[in-house]
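Novice: Below you will find the structure I want to go over with you.
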Amino acid sequence: MTAMFELRNLTAAVPGEAGPVRLVEDVSLHVHAGETLAIVGESGSGKTVTFTSALGLLPKPGRVIAGQALLGAEDLLQLSPQELRRRRGARIGMVFQDPLTGLNPVFRIGDQITEVLRAHLPISRAEARERAITLLARVQIPDPARRVDDYPHQFSGGMRQRVLIAMAIALGPRVLIADEPTTALDVTVQAQVLDLLTDLRQADGMAMVLITHDLGVVARQADRVAVMYAGRVVETGTVEEVFRAPRHPYTISLFRSIPDLESPAGAKLAPISGAPPDPARRPAGCAFAPRCFAMREDAGCLRKRPSLTADHHSVACHRAELLEAAS
Amino acid sequence: MTALLEVEALHKNFGGGSSLFGANRAVVRAVDCVSFTLAAGETLGLVGETGSGKSTLGRLVLRLIEPSSGRVRFEGRDVISASAGALRAMRPRMQMVFQDPYGSLDPRMTAGQIIAEPMTTQGMSRHEARERVAALLTLVGLRATMAGRYPHEFSGGQRQRIGIARAIALDPPLVVLDEPVSALDVSVQAQILNLLAEIQARSSISYLFIAHDLAVVRHVSDRVAVMYLGRIVEIAPRDALYRTPRHPYTVSLLSAVPHADPVRERSRERIRPIGEIGSAAALPSGCRFHPRCPRARIIAGRGGDTIAAAGTRLPAACVTVGPVLTPAGGGQHLIACHFPEEN
């Protein structure tokens, strides 16, 4: 099966005082039709930059310096800005975290959806409005024929996020990239929005990329997961594989640091000491080495970057095999 | 055991009156008749969704904003009617840590000045304050040499440590923490939660810990109060609340939290509240949760005294009478629901 959307060795950088600073490095990922790939990582791990780079949305002076972003057989990074703009929206939909800033406060909800439709399709204003109402119904906005004329401030946070999802799927994209789509929402509303995304993915067979820092959301929603740290993918596999037996020390530490509703209450958490490195000052060896419980100088941790193993549940760690033998 | 903090029938309304152009503005009942106590050395977790009034309640307790009515007693003294001078004398004993480690520290002051400020305000000598700052920085896991740095030179987690050092500088018996870890990455969040636990183990400080993250609140709390549209709907010792939640809102809240376990997560049955939290400017009649309540719908389906509401038929009591907090299931477990025994 070929991937619907695939990144190959994507590297993006901004100019720095001592040459380019690589925000993301050598990122390879793929997602199939009907599948959800979760991208997990903390702030600054490069999970958002990876996809803004792939879609030509990385703010200047950032730029992609190597790699491919394949939508089917087509490399998005080889397209002209106009062609790329047509692909975005039409074939790749995007939903971002903040439902407040994603909508223009001075235009009616319906007008914002019809604008998206009419930018890509040769349809009349009346047709576009009909479609907008249908889309609002699809994302379960109650009374869509009336609410289509409301302004964003008349909608709650959860409803605004539904409107942004409606805009993202308006043109029937093959890939939906959702960046922290529920982080700004309350937990009961989050559950509703996640259910909606699942329904849409299943109905349309979209490939979905879900960028999140919430391991609970990943467990609930994703088929496969890629863990990012300091601009690189450090572990990838199916959700079952990664959650049952995480292989990278960073992933292992991440699981140990979160309080869980099921674990004994009040137990001491095991935080990861220190903080992720500044992209301009990443260490020469493994970027996680300074914070790693398994770091060993004689294993090469401080000297060279570990690369991802070629197996299905893959990991980028010099010590992974020894860790597994020990556990 | 006498309580360190006693809150009784606390109310806070915002708005009302008329706007610039003469239109009547709705009264927002942000906190509506809230009562609870907090013992010395205890942590009370306060959870609720956006708009539940939990942050307003935290500020009212410290009288950072003035309540519309109600009583707050701290160490046996009345906080609400205290004169400006009396309140100033109480301030060092009740402190606050804010959510935003970026916005809550003055960018023009060094970390040392920020931490020393409450001490010098209370008349401590500069020399003494400087020594205390060094000790506090070490206590919160920073280095004493960092006192000369400005907030922008610190990471988010380090800034939150500075906020905590400042709050505990005068050994207050009470600290109100408003979402102290929600702006932090999970690995750093764990560092701060452990730090708060260490401080409490050492000094028998009391925390009022306000957060929306149910797993975090469970981790830190002895007792937990759940707020919905300005009211406490359930309050109980931690394990009682998490093991046997009794209010339908608490049940759906806990049911909505995703666990980091794919197998269990996918086989789990969920109890869904309908729609979203309403507005405190247009409160539902009776029980405020009735428009979203799954339990009310089940009970109405069995017959009995029902009336039309929220597009369906609901038990008359839910729509007309506001339930009060009453003991359910024994001990200190209180819930505000007309049907406490249903589950």
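Following the order of the structure tokens, first chain is A, next is B, and so on, with residues numbered from 1 inside each chain and ligands from 1 in the order they appear.
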Name the residues in contact with B:Leu136 at a cut-off of 7 Å, using only C-alpha atoms, excluding same-chain residues fewer than 4 positions from it; report them as a PyMOL selection string.

Specialist: chain B and resi 132+140+165

Novice: Could you please take those selected residues and save C-alpha atoms as an mmCIF file, in the first residue's frame?

Specialist:
data_model
loop_
_atom_site.group_PDB
_atom_site.id
_atom_site.type_symbol
_atom_site.label_atom_id
_atom_site.label_comp_id
_atom_site.auth_asym_id
_atom_site.auth_seq_id
_atom_site.Cartn_x
_atom_site.Cartn_y
_atom_site.Cartn_z
ATOM 1 C CA ARG B 132 16.811 34.313 52.161
ATOM 2 C CA VAL B 140 12.994 25.516 44.399
ATOM 3 C CA ALA B 165 9.804 30.906 45.538
#

Novice: Enumerate, in order of chain and increasing residue number, the residues of chain B with an atom no farther than 7 Å from chain A, each with its shortest atom pair and distance in Å to one decimal, counting only C-alpha atoms, as a Markdown table.

Specialist:
| residue | atom | partner | partner_atom | distance |
| --- | --- | --- | --- | --- |
| B:Glu49 | CA | A:Asp186 | CA | 5.8 |
| B:Thr50 | CA | A:Asp186 | CA | 6.7 |
| B:Asp185 | CA | A:Glu42 | CA | 5.9 |
| B:Val186 | CA | A:Ile258 | CA | 6.4 |
| B:Ser187 | CA | A:Pro271 | CA | 5.2 |
| B:Val188 | CA | A:Pro271 | CA | 6.6 |
| B:Ala190 | CA | A:Pro271 | CA | 4.9 |
| B:Gln191 | CA | A:Pro271 | CA | 5.3 |
| B:Asn194 | CA | A:Lys268 | CA | 6.6 |
| B:Ala215 | CA | A:Leu261 | CA | 5.1 |
| B:Val216 | CA | A:Pro259 | CA | 6.0 |
| B:Arg218 | CA | A:Ala265 | CA | 6.5 |
| B:His219 | CA | A:Gly266 | CA | 4.9 |
| B:Val220 | CA | A:Gly266 | CA | 6.2 |
| B:Leu253 | CA | A:Thr188 | CA | 6.1 |
| B:Ala256 | CA | A:Thr188 | CA | 5.5 |
| B:Val257 | CA | A:Val187 | CA | 6.3 |
| B:Pro258 | CA | A:Gly216 | CA | 4.5 |
| B:His259 | CA | A:Gly216 | CA | 4.4 |
| B:Ala260 | CA | A:Gly216 | CA | 4.1 |
| B:Asp261 | CA | A:Ala219 | CA | 5.6 |
| B:Pro262 | CA | A:Ala219 | CA | 4.2 |
| B:Glu265 | CA | A:Arg220 | CA | 5.5 |
| B:Arg266 | CA | A:Arg220 | CA | 6.2 |
| B:Glu276 | CA | A:Val189 | CA | 6.5 |

Novice: I'd like the neighbourhood of B:Leu10 as a PDB file with C-alpha atoms, in the first residue's frame, where a residue qualifies if any of its atoms comes within 9 Å (using only C-alpha atoms), though same-chain residues fewer than 2 positions away should be ignored.

Specialist:
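The resulting file, around-v2.pdb, is reproduced below:
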ATOM      1  CA  VAL B   7     -15.505  29.976  53.110  1.00  0.00           C
ATOM      2  CA  GLU B   8     -19.208  30.500  53.622  1.00  0.00           C
ATOM      3  CA  LYS B  12     -19.520  37.201  43.154  1.00  0.00           C
ATOM      4  CA  VAL B  31     -19.452  32.410  41.952  1.00  0.00           C
ATOM      5  CA  ASP B  32     -22.806  31.607  43.473  1.00  0.00           C
ATOM      6  CA  CYS B  33     -23.095  30.535  47.084  1.00  0.00           C
ATOM      7  CA  VAL B  34     -19.889  28.552  47.541  1.00  0.00           C
ATOM      8  CA  SER B  35     -18.879  27.155  50.936  1.00  0.00           C
ATOM      9  CA  LEU B  57     -13.168  31.748  43.561  1.00  0.00           C
ATOM     10  CA  LEU B  60     -12.068  35.937  46.132  1.00  0.00           C
ATOM     11  CA  VAL B  61     -10.562  33.783  48.856  1.00  0.00           C
ATOM     12  CA  PRO B  67     -17.004  39.438  46.775  1.00  0.00           C
ATOM     13  CA  SER B  68     -20.634  40.514  46.342  1.00  0.00           C
ATOM     14  CA  SER B  69     -21.489  38.753  49.601  1.00  0.00           C
ATOM     15  CA  GLY B  70     -20.389  35.917  51.839  1.00  0.00           C
ATOM     16  CA  ARG B  71     -17.704  35.244  54.421  1.00  0.00           C
ATOM     17  CA  VAL B  72     -14.076  34.142  54.302  1.00  0.00           C
TER      18      VAL B  72
END

Novice: Report the distance between atom CA of A:Ala166 and atom CA of A:Val31 in Å, rounded to one decimal place.

Specialist: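 Going from atom CA of A:Ala166 over to atom CA of A:Val31, I get 21.5 Å.
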
Novice: I'd like the neighbourhood of A:Thr182 as a ChimeraX atom specification, where a residue qualifies if any of its atoms comes within 8 Å (using only C-alpha atoms), though same-chain residues fewer than 5 positions away should be ignored.

Specialist: /A:97,190,193-194

Novice: Residues of stretch 73-158 of chain A classed as strand (DSSP E or B) by DSSP on the backbone are to be reported as a list of chain:residue names.

Specialist: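 Residues meeting the strand (DSSP E or B) criterion: A:Glu74, A:Asp75, A:Ile92, A:Gly93, A:Met94, A:Val95.
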
Novice: Excluding same-chain residues fewer than 6 positions from A:Thr134, what lies within 10 Å of it counting only C-alpha atoms, as a PyMOL selection string?

Specialist: chain A and resi 128+140-141+144-145+166+170

Novice: May I have the selected residues written with N, CA and C atoms, as a PDB file, in the first residue's frame?

Specialist:
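Resulting contents of selection-v4.pdb:
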ATOM      1  N   ALA A 128     -22.861  27.968  -3.053  1.00  0.00           N
ATOM      2  CA  ALA A 128     -21.838  27.920  -2.006  1.00  0.00           C
ATOM      3  C   ALA A 128     -22.495  28.004  -0.632  1.00  0.00           C
ATOM      4  N   GLN A 140     -22.021  18.908  12.864  1.00  0.00           N
ATOM      5  CA  GLN A 140     -22.989  18.871  13.962  1.00  0.00           C
ATOM      6  C   GLN A 140     -23.216  20.210  14.652  1.00  0.00           C
ATOM      7  N   ILE A 141     -23.275  21.278  13.855  1.00  0.00           N
ATOM      8  CA  ILE A 141     -23.728  22.566  14.389  1.00  0.00           C
ATOM      9  C   ILE A 141     -25.255  22.521  14.375  1.00  0.00           C
ATOM     10  N   PRO A 144     -28.184  24.629  11.467  1.00  0.00           N
ATOM     11  CA  PRO A 144     -27.170  25.244  10.597  1.00  0.00           C
ATOM     12  C   PRO A 144     -27.720  26.320   9.664  1.00  0.00           C
ATOM     13  N   ALA A 145     -28.971  26.173   9.203  1.00  0.00           N
ATOM     14  CA  ALA A 145     -29.509  27.154   8.248  1.00  0.00           C
ATOM     15  C   ALA A 145     -29.626  28.531   8.892  1.00  0.00           C
ATOM     16  N   ALA A 166     -15.036  22.230   9.523  1.00  0.00           N
ATOM     17  CA  ALA A 166     -15.898  22.295   8.332  1.00  0.00           C
ATOM     18  C   ALA A 166     -15.151  22.949   7.175  1.00  0.00           C
ATOM     19  N   ALA A 170     -14.028  21.231   3.578  1.00  0.00           N
ATOM     20  CA  ALA A 170     -14.996  21.760   2.620  1.00  0.00           C
ATOM     21  C   ALA A 170     -14.784  21.209   1.213  1.00  0.00           C
TER      22      ALA A 170
END

Novice: Which one of A:Ala38, A:Met4, A:Ala126, A:Ala119 sits closest to A:Leu71 if you count only C-alpha atoms?

Specialist: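 Checking each of A:Ala38, A:Met4, A:Ala126, A:Ala119 against A:Leu71, counting only C-alpha atoms, the winner is A:Met4.
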
Novice: Within 7 Å of stretch 280-286 of chain A, counting only C-alpha atoms, which residues qualify if same-chain residues fewer than 3 places away don't, as a list of chain:residue names?

Specialist: A:Val21, A:Pro277, A:Ala289, A:Cys301, A:Leu302, A:Arg303, A:Lys304, A:Arg305, A:Pro306

Novice: So which one's closest to A:Ser45, A:Leu323, A:Met228, A:Val209, A:Ile133? Using only C-alpha atoms, please.

Specialist: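 Nearest candidate to A:Ser45 out of A:Leu323, A:Met228, A:Val209, A:Ile133: A:Met228.
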
Novice: Which residues are close to stretch 196-203 of chain A, i.e. within 8 Å by only C-alpha atoms, leaving aside same-chain residues fewer than 4 positions away? Reply as a JSON list (two decimals) with C-alpha atoms, in the first residue's frame.

Specialist:
[["chain", "number", "residue", "atom", "x", "y", "z"],
["A", 34, "GLY", "CA", -8.14, 6.13, 6.47],
["A", 35, "GLU", "CA", -5.34, 6.12, 9.02],
["A", 139, "VAL", "CA", -19.84, 19.00, 11.82],
["A", 192, "GLN", "CA", -16.99, 15.56, 21.20],
["A", 207, "ALA", "CA", -5.51, 10.26, 6.00],
["A", 208, "MET", "CA", -5.17, 12.20, 9.24],
["A", 221, "GLN", "CA", -7.39, 8.42, 18.54]]

Novice: Let's see if you can do this: from backbone DSSP, list all alpha helix (DSSP H) residues in stretch 67-316 of chain A, as number ranges by chain.

Specialist: A: 81-90, 109-120, 125-138, 144-147, 157-169, 187-204, 215-221, 239-244, 249-257

Novice: Could you please determine the separation between atom CA of B:Cys287 and atom CA of B:His333 in Å, to one decimal place?

Specialist: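 Separation of atom CA of B:Cys287 and atom CA of B:His333: 18.8 Å.
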
Novice: For B:Ile335, which residue among B:Ala308, B:Met227, B:Leu283, B:Leu46 is the nearest when counting only C-alpha atoms?

Specialist: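 Of all the options, B:Met227 lies closest to B:Ile335.
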
Novice: When distances are computed from only C-alpha atoms, which of B:Ala39, B:Leu142, B:Ala134, B:Leu193 shows the smallest separation from B:Thr2?

Specialist: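 The closest residue to B:Thr2 is B:Ala39.
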